[in-house]
file work_36.csv (CSV, C-alpha atoms)
chain,number,residue,atom,x,y,z
A,1,LEU,CA,-6.7,33.3,8.0
A,2,PRO,CA,-6.4,29.5,7.4
A,3,GLY,CA,-3.0,28.0,8.0
A,4,PRO,CA,-0.7,26.9,5.2
A,5,VAL,CA,-1.7,23.9,3.1
A,6,SER,CA,0.3,20.9,4.4
A,7,LEU,CA,1.6,18.4,1.9
A,8,TYR,CA,2.7,14.9,3.0
A,9,LEU,CA,5.9,13.8,1.3
A,10,ALA,CA,5.5,10.0,0.8
A,11,GLY,CA,8.2,7.9,-0.7
A,12,PRO,CA,11.1,5.5,-0.2
A,13,GLU,CA,13.5,8.4,0.2
A,14,VAL,CA,13.3,7.8,4.0
A,15,PHE,CA,15.6,4.9,3.4
A,16,LEU,CA,18.3,6.9,1.7
A,17,PRO,CA,21.5,7.5,3.7
A,18,ASN,CA,20.9,11.2,3.1
A,19,ALA,CA,17.2,11.0,3.7
A,20,ARG,CA,16.9,14.2,5.7
A,21,GLU,CA,18.8,16.1,3.0
A,22,VAL,CA,16.4,14.9,0.3
A,23,GLY,CA,13.5,15.8,2.6
A,24,ALA,CA,14.8,19.3,2.9
A,25,ALA,CA,15.1,19.6,-0.9
A,26,LYS,CA,11.5,18.5,-1.3
A,27,LYS,CA,10.3,20.8,1.4
A,28,ALA,CA,12.1,23.7,-0.4
A,29,ILE,CA,10.2,22.9,-3.6
A,30,CYS,CA,7.0,22.7,-1.7
A,31,ALA,CA,7.5,26.2,-0.3
A,32,GLU,CA,8.1,27.6,-3.8
A,33,HIS,CA,4.6,26.4,-4.7
A,34,GLY,CA,2.7,27.5,-1.6
A,35,PHE,CA,2.8,24.3,0.4
A,36,LEU,CA,4.2,23.4,3.8
A,37,GLY,CA,6.0,20.1,3.0
A,38,ARG,CA,6.0,17.5,5.8
A,39,PHE,CA,8.7,14.8,5.6
A,40,PRO,CA,8.0,11.5,7.5
A,41,LEU,CA,11.3,11.6,9.4
A,42,ASP,CA,10.5,15.1,10.7
A,43,GLY,CA,8.3,13.6,13.3
A,44,THR,CA,10.9,11.2,14.8
A,45,ASP,CA,14.5,10.8,15.4
A,46,GLY,CA,14.2,7.1,14.6
A,47,THR,CA,14.5,5.9,18.1
A,48,ASN,CA,12.3,5.7,21.1
A,49,GLY,CA,14.6,5.9,24.1
A,50,ASP,CA,16.2,2.7,25.0
A,51,SER,CA,13.4,0.4,24.0
A,52,GLY,CA,13.7,-2.3,21.4
A,53,PRO,CA,13.6,-2.1,17.7
A,54,VAL,CA,10.0,-3.2,17.3
A,55,THR,CA,8.8,-0.5,19.7
A,56,ASP,CA,10.8,2.0,17.7
A,57,GLY,CA,9.0,0.8,14.5
A,58,HIS,CA,5.6,1.3,16.2
A,59,ALA,CA,6.6,4.8,17.3
A,60,ILE,CA,7.7,5.8,13.8
A,61,PHE,CA,4.4,4.4,12.4
A,62,ARG,CA,2.4,6.4,14.9
A,63,SER,CA,4.3,9.5,14.1
A,64,CYS,CA,3.7,9.1,10.4
A,65,ILE,CA,0.0,8.5,10.9
A,66,ASP,CA,-0.3,11.6,13.1
A,67,MET,CA,1.5,13.6,10.4
A,68,MET,CA,-0.8,12.3,7.6
A,69,GLN,CA,-3.9,13.2,9.6
A,70,ASP,CA,-2.5,16.7,9.9
A,71,CYS,CA,-1.8,17.0,6.1
A,72,ASP,CA,-4.2,18.3,3.4
A,73,VAL,CA,-2.7,16.5,0.5
A,74,ILE,CA,-0.2,13.7,-0.3
A,75,VAL,CA,2.4,13.6,-3.0
A,76,ALA,CA,3.7,10.1,-3.4
A,77,ASN,CA,6.8,8.9,-5.0
A,78,MET,CA,5.5,5.9,-7.0
A,79,THR,CA,8.8,5.1,-8.7
A,80,PRO,CA,9.5,1.3,-8.7
A,81,PHE,CA,11.4,0.3,-5.6
A,82,ARG,CA,13.1,-3.0,-5.0
A,83,GLY,CA,10.9,-4.7,-7.7
A,84,PRO,CA,8.5,-3.8,-10.5
A,85,SER,CA,6.2,-1.9,-8.2
A,86,MET,CA,6.3,1.2,-5.9
A,87,ASP,CA,7.4,1.1,-2.2
A,88,VAL,CA,4.7,-0.8,-0.2
A,89,GLY,CA,4.9,1.6,2.7
A,90,THR,CA,4.1,4.5,0.4
A,91,ALA,CA,1.2,2.4,-1.0
A,92,VAL,CA,-0.3,2.0,2.5
A,93,GLU,CA,-0.1,5.8,2.9
A,94,ILE,CA,-1.9,6.3,-0.4
A,95,GLY,CA,-4.7,4.1,0.8
A,96,LEU,CA,-4.9,5.8,4.1
A,97,MET,CA,-5.0,9.4,2.7
A,98,PHE,CA,-7.5,8.4,0.1
A,99,ALA,CA,-9.8,7.0,2.8
A,100,LEU,CA,-9.4,10.2,4.7
A,101,GLY,CA,-10.6,12.1,1.7
A,102,ARG,CA,-7.4,13.8,0.8
A,103,PRO,CA,-6.3,14.5,-2.8
A,104,VAL,CA,-3.6,12.0,-3.8
A,105,PHE,CA,-0.9,13.0,-6.3
A,106,GLY,CA,1.8,10.8,-7.5
A,107,TYR,CA,4.9,10.8,-9.6
A,108,THR,CA,7.2,8.1,-11.0
A,109,ASN,CA,10.6,8.4,-12.6
A,110,VAL,CA,9.8,5.4,-14.9
A,111,VAL,CA,7.7,6.1,-17.9
A,112,GLY,CA,6.5,2.7,-18.9
A,113,ASP,CA,3.3,1.0,-17.8
A,114,TYR,CA,3.5,-1.6,-15.1
A,115,SER,CA,2.7,-4.4,-17.6
A,116,THR,CA,6.0,-3.7,-19.4
A,117,ARG,CA,8.0,-4.5,-16.2
A,118,VAL,CA,6.5,-7.8,-15.2
A,119,THR,CA,7.3,-11.0,-17.0
A,120,ALA,CA,4.6,-13.6,-17.6
A,121,ASP,CA,5.0,-16.2,-14.9
A,122,GLY,CA,1.7,-18.0,-15.0
A,123,TRP,CA,0.0,-15.2,-13.2
A,124,GLN,CA,-2.1,-12.6,-14.9
A,125,VAL,CA,-0.5,-9.3,-15.5
A,126,GLU,CA,-3.0,-6.5,-15.4
A,127,ASP,CA,-2.7,-4.2,-18.4
A,128,PHE,CA,-4.9,-1.2,-17.8
A,129,GLY,CA,-2.4,1.3,-19.0
A,130,PHE,CA,-1.5,2.2,-15.5
A,131,ALA,CA,2.0,3.0,-14.0
A,132,ASP,CA,1.4,0.4,-11.3
A,133,ASN,CA,-1.2,-1.9,-9.7
A,134,LEU,CA,-4.7,-0.4,-10.3
A,135,MET,CA,-5.2,0.0,-6.5
A,136,CYS,CA,-2.3,2.4,-6.4
A,137,GLU,CA,-3.4,4.6,-9.2
A,138,GLY,CA,-7.2,4.5,-8.6
A,139,PRO,CA,-6.9,6.7,-5.5
A,140,VAL,CA,-5.1,9.3,-7.6
A,141,PHE,CA,-7.8,9.5,-10.3
A,142,GLU,CA,-10.8,9.3,-7.9
A,143,SER,CA,-9.5,11.9,-5.6
A,144,GLY,CA,-8.9,14.5,-8.3
A,145,GLY,CA,-5.1,14.2,-8.3
A,146,SER,CA,-2.8,13.3,-11.1
A,147,ILE,CA,0.3,11.3,-11.9
A,148,VAL,CA,3.4,12.6,-13.5
A,149,ARG,CA,5.7,10.1,-15.3
A,150,THR,CA,9.2,11.3,-16.1
A,151,GLY,CA,12.0,9.4,-17.8
A,152,VAL,CA,15.3,9.8,-16.0
A,153,ALA,CA,18.7,8.0,-16.1
A,154,ASP,CA,18.7,4.8,-14.1
A,155,VAL,CA,21.2,6.1,-11.6
A,156,GLU,CA,18.9,9.1,-10.8
A,157,ARG,CA,15.7,7.0,-10.7
A,158,LEU,CA,15.1,7.4,-7.0
A,159,THR,CA,16.5,10.8,-6.5
A,160,ASP,CA,15.7,13.0,-9.5
A,161,LEU,CA,13.2,15.7,-8.4
A,162,THR,CA,12.1,17.0,-11.8
A,163,GLY,CA,8.9,14.9,-11.8
A,164,PHE,CA,8.3,15.7,-8.2
A,165,GLU,CA,8.3,19.4,-8.8
A,166,ALA,CA,5.9,19.0,-11.8
A,167,CYS,CA,3.7,17.0,-9.5
A,168,VAL,CA,3.8,19.6,-6.7
A,169,ARG,CA,3.0,22.2,-9.4
A,170,ALA,CA,0.0,20.1,-10.5
A,171,ALA,CA,-1.2,19.9,-6.9
A,172,ALA,CA,-0.8,23.6,-6.4
A,173,ARG,CA,-2.9,24.3,-9.5
A,174,THR,CA,-5.6,21.8,-8.6
A,175,LEU,CA,-5.8,23.2,-5.1
A,176,GLY,CA,-5.9,26.8,-6.4
A,177,LEU,CA,-2.5,27.9,-4.9
A,178,GLU,CA,-1.1,28.7,-8.3
A,179,THR,CA,-2.6,29.5,-11.7
B,1,LEU,CA,-30.3,-9.7,14.5
B,2,PRO,CA,-27.2,-8.1,13.0
B,3,GLY,CA,-26.0,-9.4,9.6
B,4,PRO,CA,-23.0,-11.7,9.2
B,5,VAL,CA,-19.5,-10.3,9.8
B,6,SER,CA,-18.0,-9.5,6.4
B,7,LEU,CA,-14.4,-10.2,5.8
B,8,TYR,CA,-12.5,-8.6,2.9
B,9,LEU,CA,-10.1,-11.1,1.2
B,10,ALA,CA,-7.1,-8.9,0.2
B,11,GLY,CA,-4.2,-10.4,-1.7
B,12,PRO,CA,-2.5,-11.0,-5.0
B,13,GLU,CA,-4.5,-14.2,-5.7
B,14,VAL,CA,-6.7,-12.0,-7.9
B,15,PHE,CA,-3.9,-12.4,-10.5
B,16,LEU,CA,-3.9,-16.2,-10.5
B,17,PRO,CA,-5.3,-17.9,-13.5
B,18,ASN,CA,-7.7,-19.7,-11.2
B,19,ALA,CA,-8.4,-16.7,-9.0
B,20,ARG,CA,-12.1,-17.3,-8.6
B,21,GLU,CA,-11.4,-20.9,-7.5
B,22,VAL,CA,-9.0,-19.6,-4.8
B,23,GLY,CA,-11.5,-17.0,-3.8
B,24,ALA,CA,-14.1,-19.8,-3.3
B,25,ALA,CA,-11.7,-21.8,-1.2
B,26,LYS,CA,-11.0,-18.8,1.0
B,27,LYS,CA,-14.7,-18.0,1.3
B,28,ALA,CA,-15.4,-21.6,2.4
B,29,ILE,CA,-12.8,-21.3,5.2
B,30,CYS,CA,-14.3,-17.9,6.2
B,31,ALA,CA,-17.7,-19.6,6.5
B,32,GLU,CA,-16.3,-22.3,8.8
B,33,HIS,CA,-15.2,-19.6,11.2
B,34,GLY,CA,-18.4,-17.5,11.1
B,35,PHE,CA,-17.4,-14.9,8.5
B,36,LEU,CA,-18.9,-13.9,5.2
B,37,GLY,CA,-15.8,-13.8,3.0
B,38,ARG,CA,-15.8,-11.2,0.2
B,39,PHE,CA,-13.4,-11.7,-2.7
B,40,PRO,CA,-12.4,-8.6,-4.8
B,41,LEU,CA,-13.4,-10.3,-8.1
B,42,ASP,CA,-16.9,-11.0,-6.8
B,43,GLY,CA,-17.9,-7.4,-7.5
B,44,THR,CA,-16.9,-7.4,-11.1
B,45,ASP,CA,-16.5,-9.5,-14.2
B,46,GLY,CA,-13.3,-7.6,-15.1
B,47,THR,CA,-14.9,-5.7,-17.9
B,48,ASN,CA,-17.1,-2.7,-18.2
B,49,GLY,CA,-19.0,-3.2,-21.4
B,50,ASP,CA,-17.1,-2.2,-24.5
B,51,SER,CA,-15.1,0.7,-23.0
B,52,GLY,CA,-11.3,0.7,-23.0
B,53,PRO,CA,-9.0,-0.9,-20.5
B,54,VAL,CA,-8.3,2.2,-18.4
B,55,THR,CA,-12.1,2.5,-17.8
B,56,ASP,CA,-12.2,-1.1,-16.8
B,57,GLY,CA,-9.4,-0.6,-14.3
B,58,HIS,CA,-11.3,2.3,-12.8
B,59,ALA,CA,-14.5,0.2,-12.5
B,60,ILE,CA,-12.6,-2.6,-10.8
B,61,PHE,CA,-11.1,-0.1,-8.4
B,62,ARG,CA,-14.5,1.4,-7.5
B,63,SER,CA,-16.0,-2.1,-7.0
B,64,CYS,CA,-13.2,-3.0,-4.6
B,65,ILE,CA,-13.6,0.3,-2.7
B,66,ASP,CA,-17.3,-0.2,-2.3
B,67,MET,CA,-16.7,-3.8,-1.1
B,68,MET,CA,-14.2,-2.7,1.5
B,69,GLN,CA,-16.5,-0.1,2.8
B,70,ASP,CA,-19.1,-2.8,3.3
B,71,CYS,CA,-16.7,-5.1,5.1
B,72,ASP,CA,-16.0,-5.3,8.9
B,73,VAL,CA,-12.5,-6.7,8.8
B,74,ILE,CA,-9.7,-7.4,6.4
B,75,VAL,CA,-7.4,-10.4,6.1
B,76,ALA,CA,-4.5,-9.5,3.9
B,77,ASN,CA,-2.1,-11.9,2.2
B,78,MET,CA,1.2,-10.2,2.9
B,79,THR,CA,3.4,-12.9,1.3
B,80,PRO,CA,6.2,-11.3,-0.8
B,81,PHE,CA,5.0,-10.9,-4.4
B,82,ARG,CA,7.2,-10.0,-7.3
B,83,GLY,CA,9.9,-8.7,-5.0
B,84,PRO,CA,10.9,-8.7,-1.3
B,85,SER,CA,7.7,-7.0,-0.3
B,86,MET,CA,4.0,-7.8,-0.4
B,87,ASP,CA,1.7,-6.9,-3.2
B,88,VAL,CA,1.3,-3.1,-3.4
B,89,GLY,CA,-2.4,-3.2,-4.2
B,90,THR,CA,-3.0,-5.1,-1.0
B,91,ALA,CA,-0.9,-2.6,0.8
B,92,VAL,CA,-3.2,0.2,-0.4
B,93,GLU,CA,-6.1,-1.8,0.9
B,94,ILE,CA,-4.5,-2.2,4.3
B,95,GLY,CA,-4.0,1.6,4.6
B,96,LEU,CA,-7.6,2.2,3.5
B,97,MET,CA,-9.2,-0.3,5.9
B,98,PHE,CA,-7.0,1.0,8.8
B,99,ALA,CA,-8.1,4.5,8.1
B,100,LEU,CA,-11.8,3.3,8.1
B,101,GLY,CA,-11.2,1.9,11.6
B,102,ARG,CA,-11.5,-1.8,10.6
B,103,PRO,CA,-9.3,-4.4,12.3
B,104,VAL,CA,-6.5,-5.5,10.0
B,105,PHE,CA,-5.2,-9.1,10.0
B,106,GLY,CA,-2.4,-10.4,7.9
B,107,TYR,CA,-0.6,-13.5,7.0
B,108,THR,CA,2.6,-14.4,5.1
B,109,ASN,CA,3.9,-17.7,3.8
B,110,VAL,CA,7.5,-16.5,4.3
B,111,VAL,CA,8.7,-16.7,7.9
B,112,GLY,CA,11.8,-14.4,7.8
B,113,ASP,CA,11.9,-10.7,8.6
B,114,TYR,CA,11.9,-8.2,5.7
B,115,SER,CA,15.5,-7.3,6.5
B,116,THR,CA,16.6,-10.9,5.6
B,117,ARG,CA,15.2,-10.5,2.1
B,118,VAL,CA,16.8,-7.2,1.1
B,119,THR,CA,20.4,-6.8,0.1
B,120,ALA,CA,22.3,-3.7,1.2
B,121,ASP,CA,22.4,-1.4,-1.8
B,122,GLY,CA,23.5,1.9,-0.3
B,123,TRP,CA,19.9,2.4,1.0
B,124,GLN,CA,19.0,1.8,4.6
B,125,VAL,CA,17.2,-1.5,5.3
B,126,GLU,CA,14.8,-1.1,8.2
B,127,ASP,CA,15.3,-3.8,10.8
B,128,PHE,CA,12.4,-3.6,13.3
B,129,GLY,CA,11.8,-7.4,13.3
B,130,PHE,CA,8.8,-6.9,11.0
B,131,ALA,CA,7.6,-9.2,8.2
B,132,ASP,CA,7.6,-6.2,5.8
B,133,ASN,CA,7.8,-2.4,5.7
B,134,LEU,CA,6.7,-1.0,9.0
B,135,MET,CA,3.8,0.9,7.4
B,136,CYS,CA,2.4,-2.5,6.3
B,137,GLU,CA,2.6,-4.0,9.8
B,138,GLY,CA,1.8,-1.0,11.9
B,139,PRO,CA,-1.9,-1.0,10.9
B,140,VAL,CA,-2.2,-4.6,12.0
B,141,PHE,CA,-0.8,-4.0,15.5
B,142,GLU,CA,-2.6,-0.6,16.0
B,143,SER,CA,-6.0,-2.0,14.9
B,144,GLY,CA,-5.9,-5.0,17.3
B,145,GLY,CA,-5.2,-7.5,14.6
B,146,SER,CA,-2.4,-10.0,14.3
B,147,ILE,CA,0.0,-11.5,11.8
B,148,VAL,CA,0.5,-15.2,11.1
B,149,ARG,CA,3.8,-16.2,9.6
B,150,THR,CA,3.9,-19.7,8.1
B,151,GLY,CA,6.8,-21.4,6.3
B,152,VAL,CA,5.7,-23.3,3.2
B,153,ALA,CA,7.5,-24.8,0.2
B,154,ASP,CA,8.5,-22.2,-2.4
B,155,VAL,CA,6.1,-23.6,-5.0
B,156,GLU,CA,3.2,-23.2,-2.6
B,157,ARG,CA,4.2,-19.8,-1.4
B,158,LEU,CA,1.3,-17.9,-2.9
B,159,THR,CA,-1.4,-20.6,-2.8
B,160,ASP,CA,-1.0,-22.4,0.5
B,161,LEU,CA,-3.9,-21.6,2.8
B,162,THR,CA,-2.7,-23.0,6.1
B,163,GLY,CA,-1.6,-19.6,7.4
B,164,PHE,CA,-4.7,-18.0,5.9
B,165,GLU,CA,-6.9,-20.3,8.0
B,166,ALA,CA,-4.9,-19.6,11.1
B,167,CYS,CA,-5.3,-15.9,10.5
B,168,VAL,CA,-9.1,-16.2,10.0
B,169,ARG,CA,-9.3,-18.2,13.2
B,170,ALA,CA,-7.3,-15.4,15.0
B,171,ALA,CA,-9.7,-12.9,13.6
B,172,ALA,CA,-12.7,-15.0,14.7
B,173,ARG,CA,-11.4,-15.1,18.2
B,174,THR,CA,-10.5,-11.5,18.4
B,175,LEU,CA,-14.0,-10.5,17.1
B,176,GLY,CA,-15.7,-12.9,19.5
B,177,LEU,CA,-17.0,-15.3,16.8
B,178,GLU,CA,-15.1,-18.2,18.2
B,179,THR,CA,-13.6,-19.1,21.6
call {"tool": "encode", "arguments": {"input": "work_36.csv", "output": "structure tokens"}}
result
Amino acid sequence: LPGPVSLYLAGPEVFLPNAREVGAAKKAICAEHGFLGRFPLDGTDGTNGDSGPVTDGHAIFRSCIDMMQDCDVIVANMTPFRGPSMDVGTAVEIGLMFALGRPVFGYTNVVGDYSTRVTADGWQVEDFGFADNLMCEGPVFESGGSIVRTGVADVERLTDLTGFEACVRAAARTLGLET
Amino acid sequence: LPGPVSLYLAGPEVFLPNAREVGAAKKAICAEHGFLGRFPLDGTDGTNGDSGPVTDGHAIFRSCIDMMQDCDVIVANMTPFRGPSMDVGTAVEIGLMFALGRPVFGYTNVVGDYSTRVTADGWQVEDFGFADNLMCEGPVFESGGSIVRTGVADVERLTDLTGFEACVRAAARTLGLET
């Protein structure tokens, strides 16, 4: 029998003070829908012995890359983070998983298009009806994934898991784990 | 003889009103260092006949993906854009080119570490001595590339090409096009 379908949990939650708790909650939801959820911090304790901080960063990076290569699908939290766009680290992961041929699913807890969040500043603001920069959403559509947009209270914007669960369910249906 | 070494010009300049002019300037610098520069907008006129805006976005995405697959190396503008981090679309492109095994080079016109630009907000701020999120900089170091940080006047932050040229020169040396 093939192993379980592994799902990479990409998003800025790794920066939450209770990151591992959030990771556990996401993994529980994955399990309910037939996935083995993998949380980036699972692969590292955030340190690399007594070496310096840059080396630690490299070790965490390598751990995340290894984990993604082991995963069959990615569900990315595309909620705006520290600006009008999603977390840039998660964006790198979307590009990487797309290049590896994995289906990319995304969710955002902000309903509006990207163009509604950016003020005209002399630069062109793309207005394709996307939740974010077209390079973020393109991998979702081309890989057969989907994006879930959910409106939540501001204070819950980066922690509410309603849209996440809907996204995992969409992935489970697309991959034939659920009907 | 092998063809010229193609260099993908990733960055938020595509949103500048004079984007094609900036692209031409970057391509001229590439040529001086032995590269064929490819600018994302070269592959598209920004429209797709009379179809709607979402289809246009998809066409631009596909054009950029095709161009990246044709390129041997990427030089990414990692200057903070609309927030404390780099442009998310460029971040996706870094992840994609890294996964394709291409050397990733980057430059930023802001000298300080990422940690100096983010205020404590209850979330953890990574402090690895990187210019941005570790997932952005990891592909550079692991692929054999390098990052150039250049301090410039605020008003020139997203247009000054001094650091870009230094980055192209670094890429030319790393790839053996220059000594």
call {"tool": "residues_around", "arguments": {"input": "work_36.csv", "residues": "region 37-41 of chain B", "least_positions_apart": "3", "cutoff": "12 Å", "atoms": "all atoms listed in the file", "output": "PyMOL selection string"}}
result
(chain A and resi 135) or (chain B and resi 4-16+18-34+44-47+59-76+89-90+93+168)
call {"tool": "write_last_selection", "arguments": {"input": "work_36.csv", "atoms": "C-alpha atoms", "output": "PDB file, in the coordinates of the input"}}
result
ATOM      1  CA  MET A 135      -5.200   0.000  -6.500  1.00  0.00           C
TER       2      MET A 135
ATOM      3  CA  PRO B   4     -23.000 -11.700   9.200  1.00  0.00           C
ATOM      4  CA  VAL B   5     -19.500 -10.300   9.800  1.00  0.00           C
ATOM      5  CA  SER B   6     -18.000  -9.500   6.400  1.00  0.00           C
ATOM      6  CA  LEU B   7     -14.400 -10.200   5.800  1.00  0.00           C
ATOM      7  CA  TYR B   8     -12.500  -8.600   2.900  1.00  0.00           C
ATOM      8  CA  LEU B   9     -10.100 -11.100   1.200  1.00  0.00           C
ATOM      9  CA  ALA B  10      -7.100  -8.900   0.200  1.00  0.00           C
ATOM     10  CA  GLY B  11      -4.200 -10.400  -1.700  1.00  0.00           C
ATOM     11  CA  PRO B  12      -2.500 -11.000  -5.000  1.00  0.00           C
ATOM     12  CA  GLU B  13      -4.500 -14.200  -5.700  1.00  0.00           C
ATOM     13  CA  VAL B  14      -6.700 -12.000  -7.900  1.00  0.00           C
ATOM     14  CA  PHE B  15      -3.900 -12.400 -10.500  1.00  0.00           C
ATOM     15  CA  LEU B  16      -3.900 -16.200 -10.500  1.00  0.00           C
ATOM     16  CA  ASN B  18      -7.700 -19.700 -11.200  1.00  0.00           C
ATOM     17  CA  ALA B  19      -8.400 -16.700  -9.000  1.00  0.00           C
ATOM     18  CA  ARG B  20     -12.100 -17.300  -8.600  1.00  0.00           C
ATOM     19  CA  GLU B  21     -11.400 -20.900  -7.500  1.00  0.00           C
ATOM     20  CA  VAL B  22      -9.000 -19.600  -4.800  1.00  0.00           C
ATOM     21  CA  GLY B  23     -11.500 -17.000  -3.800  1.00  0.00           C
ATOM     22  CA  ALA B  24     -14.100 -19.800  -3.300  1.00  0.00           C
ATOM     23  CA  ALA B  25     -11.700 -21.800  -1.200  1.00  0.00           C
ATOM     24  CA  LYS B  26     -11.000 -18.800   1.000  1.00  0.00           C
ATOM     25  CA  LYS B  27     -14.700 -18.000   1.300  1.00  0.00           C
ATOM     26  CA  ALA B  28     -15.400 -21.600   2.400  1.00  0.00           C
ATOM     27  CA  ILE B  29     -12.800 -21.300   5.200  1.00  0.00           C
ATOM     28  CA  CYS B  30     -14.300 -17.900   6.200  1.00  0.00           C
ATOM     29  CA  ALA B  31     -17.700 -19.600   6.500  1.00  0.00           C
ATOM     30  CA  GLU B  32     -16.300 -22.300   8.800  1.00  0.00           C
ATOM     31  CA  HIS B  33     -15.200 -19.600  11.200  1.00  0.00           C
ATOM     32  CA  GLY B  34     -18.400 -17.500  11.100  1.00  0.00           C
ATOM     33  CA  THR B  44     -16.900  -7.400 -11.100  1.00  0.00           C
ATOM     34  CA  ASP B  45     -16.500  -9.500 -14.200  1.00  0.00           C
ATOM     35  CA  GLY B  46     -13.300  -7.600 -15.100  1.00  0.00           C
ATOM     36  CA  THR B  47     -14.900  -5.700 -17.900  1.00  0.00           C
ATOM     37  CA  ALA B  59     -14.500   0.200 -12.500  1.00  0.00           C
ATOM     38  CA  ILE B  60     -12.600  -2.600 -10.800  1.00  0.00           C
ATOM     39  CA  PHE B  61     -11.100  -0.100  -8.400  1.00  0.00           C
ATOM     40  CA  ARG B  62     -14.500   1.400  -7.500  1.00  0.00           C
ATOM     41  CA  SER B  63     -16.000  -2.100  -7.000  1.00  0.00           C
ATOM     42  CA  CYS B  64     -13.200  -3.000  -4.600  1.00  0.00           C
ATOM     43  CA  ILE B  65     -13.600   0.300  -2.700  1.00  0.00           C
ATOM     44  CA  ASP B  66     -17.300  -0.200  -2.300  1.00  0.00           C
ATOM     45  CA  MET B  67     -16.700  -3.800  -1.100  1.00  0.00           C
ATOM     46  CA  MET B  68     -14.200  -2.700   1.500  1.00  0.00           C
ATOM     47  CA  GLN B  69     -16.500  -0.100   2.800  1.00  0.00           C
ATOM     48  CA  ASP B  70     -19.100  -2.800   3.300  1.00  0.00           C
ATOM     49  CA  CYS B  71     -16.700  -5.100   5.100  1.00  0.00           C
ATOM     50  CA  ASP B  72     -16.000  -5.300   8.900  1.00  0.00           C
ATOM     51  CA  VAL B  73     -12.500  -6.700   8.800  1.00  0.00           C
ATOM     52  CA  ILE B  74      -9.700  -7.400   6.400  1.00  0.00           C
ATOM     53  CA  VAL B  75      -7.400 -10.400   6.100  1.00  0.00           C
ATOM     54  CA  ALA B  76      -4.500  -9.500   3.900  1.00  0.00           C
ATOM     55  CA  GLY B  89      -2.400  -3.200  -4.200  1.00  0.00           C
ATOM     56  CA  THR B  90      -3.000  -5.100  -1.000  1.00  0.00           C
ATOM     57  CA  GLU B  93      -6.100  -1.800   0.900  1.00  0.00           C
ATOM     58  CA  VAL B 168      -9.100 -16.200  10.000  1.00  0.00           C
TER      59      VAL B 168
END
call {"tool": "closest_atom_pairs", "arguments": {"input": "work_36.csv", "of": "chain B", "to": "chain A", "cutoff": "7 Å", "atoms": "all atoms listed in the file", "output": "Markdown table"}}
result
| residue | atom | partner | partner_atom | distance |
| --- | --- | --- | --- | --- |
| B:Phe15 | CA | A:Gln124 | CA | 4.8 |
| B:Leu16 | CA | A:Trp123 | CA | 4.8 |
| B:Pro17 | CA | A:Trp123 | CA | 6.0 |
| B:Pro53 | CA | A:Phe128 | CA | 4.9 |
| B:Val54 | CA | A:Phe128 | CA | 4.8 |
| B:Gly57 | CA | A:Phe128 | CA | 5.7 |
| B:His58 | CA | A:Gly138 | CA | 6.3 |
| B:Phe61 | CA | A:Gly138 | CA | 6.0 |
| B:Arg82 | CA | A:Gly83 | CA | 6.5 |
| B:Gly83 | CA | A:Gly83 | CA | 4.9 |
| B:Ser85 | CA | A:Val88 | CA | 6.9 |
| B:Val88 | CA | A:Val88 | CA | 5.2 |
| B:Gly89 | CA | A:Met135 | CA | 4.8 |
| B:Ala91 | CA | A:Val92 | CA | 4.9 |
| B:Val92 | CA | A:Gly95 | CA | 4.3 |
| B:Glu93 | CA | A:Gly95 | CA | 6.1 |
| B:Ile94 | CA | A:Val92 | CA | 6.2 |
| B:Gly95 | CA | A:Val92 | CA | 4.3 |
| B:Leu96 | CA | A:Gly95 | CA | 4.4 |
| B:Ala99 | CA | A:Leu96 | CA | 5.3 |
| B:Leu100 | CA | A:Ala99 | CA | 6.8 |
| B:Trp123 | CA | A:Leu16 | CA | 4.8 |
| B:Gln124 | CA | A:Phe15 | CA | 4.8 |
| B:Val125 | CA | A:Phe15 | CA | 6.9 |
| B:Phe128 | CA | A:Val54 | CA | 4.7 |
| B:Gly129 | CA | A:Val54 | CA | 6.1 |
| B:Asn133 | CA | A:Gly89 | CA | 5.8 |
| B:Leu134 | CA | A:Gly57 | CA | 6.2 |
| B:Met135 | CA | A:Gly89 | CA | 4.9 |
| B:Cys136 | CA | A:Gly89 | CA | 6.0 |
| B:Gly138 | CA | A:Phe61 | CA | 6.0 |
call {"tool": "closest_residue", "arguments": {"input": "work_36.csv", "among": "A:Leu177, A:Met78, A:Leu161, A:Val110", "to": "Arg149 (chain A)", "atoms": "only C-alpha atoms"}}
result
A:Val110
call {"tool": "closest_residue", "arguments": {"input": "work_36.csv", "among": "A:Thr116, A:Asn77, A:Thr108, A:Thr162", "to": "Val148 (chain A)", "atoms": "only C-alpha atoms"}}
result
A:Thr108
call {"tool": "residues_around", "arguments": {"input": "work_36.csv", "residues": "region 169-172 of chain B", "least_positions_apart": "3", "cutoff": "8 Å", "atoms": "all atoms listed in the file", "output": "list in words"}}
result
His33, Gly34, Phe35, Phe105, Gly145, Ser146, Glu165, Ala166, Leu175, Gly176, Leu177 and Glu178 of chain B
call {"tool": "atom_distance", "arguments": {"input": "work_36.csv", "atom1": "CA of Ile147 (chain A)", "atom2": "CA of Gly106 (chain A)"}}
result
4.7 Å
call {"tool": "atom_distance", "arguments": {"input": "work_36.csv", "atom1": "CA of Tyr107 (chain B)", "atom2": "CA of Gly163 (chain B)"}}
result
6.2 Å
call {"tool": "atom_distance", "arguments": {"input": "work_36.csv", "atom1": "CA of Cys167 (chain B)", "atom2": "CA of Val140 (chain B)"}}
result
11.8 Å
call {"tool": "residues_around", "arguments": {"input": "work_36.csv", "residues": "Asn109 (chain A)", "least_positions_apart": "2", "cutoff": "6 Å", "atoms": "only C-alpha atoms", "output": "ChimeraX atom specification"}}
result
/A:79,149-152,157
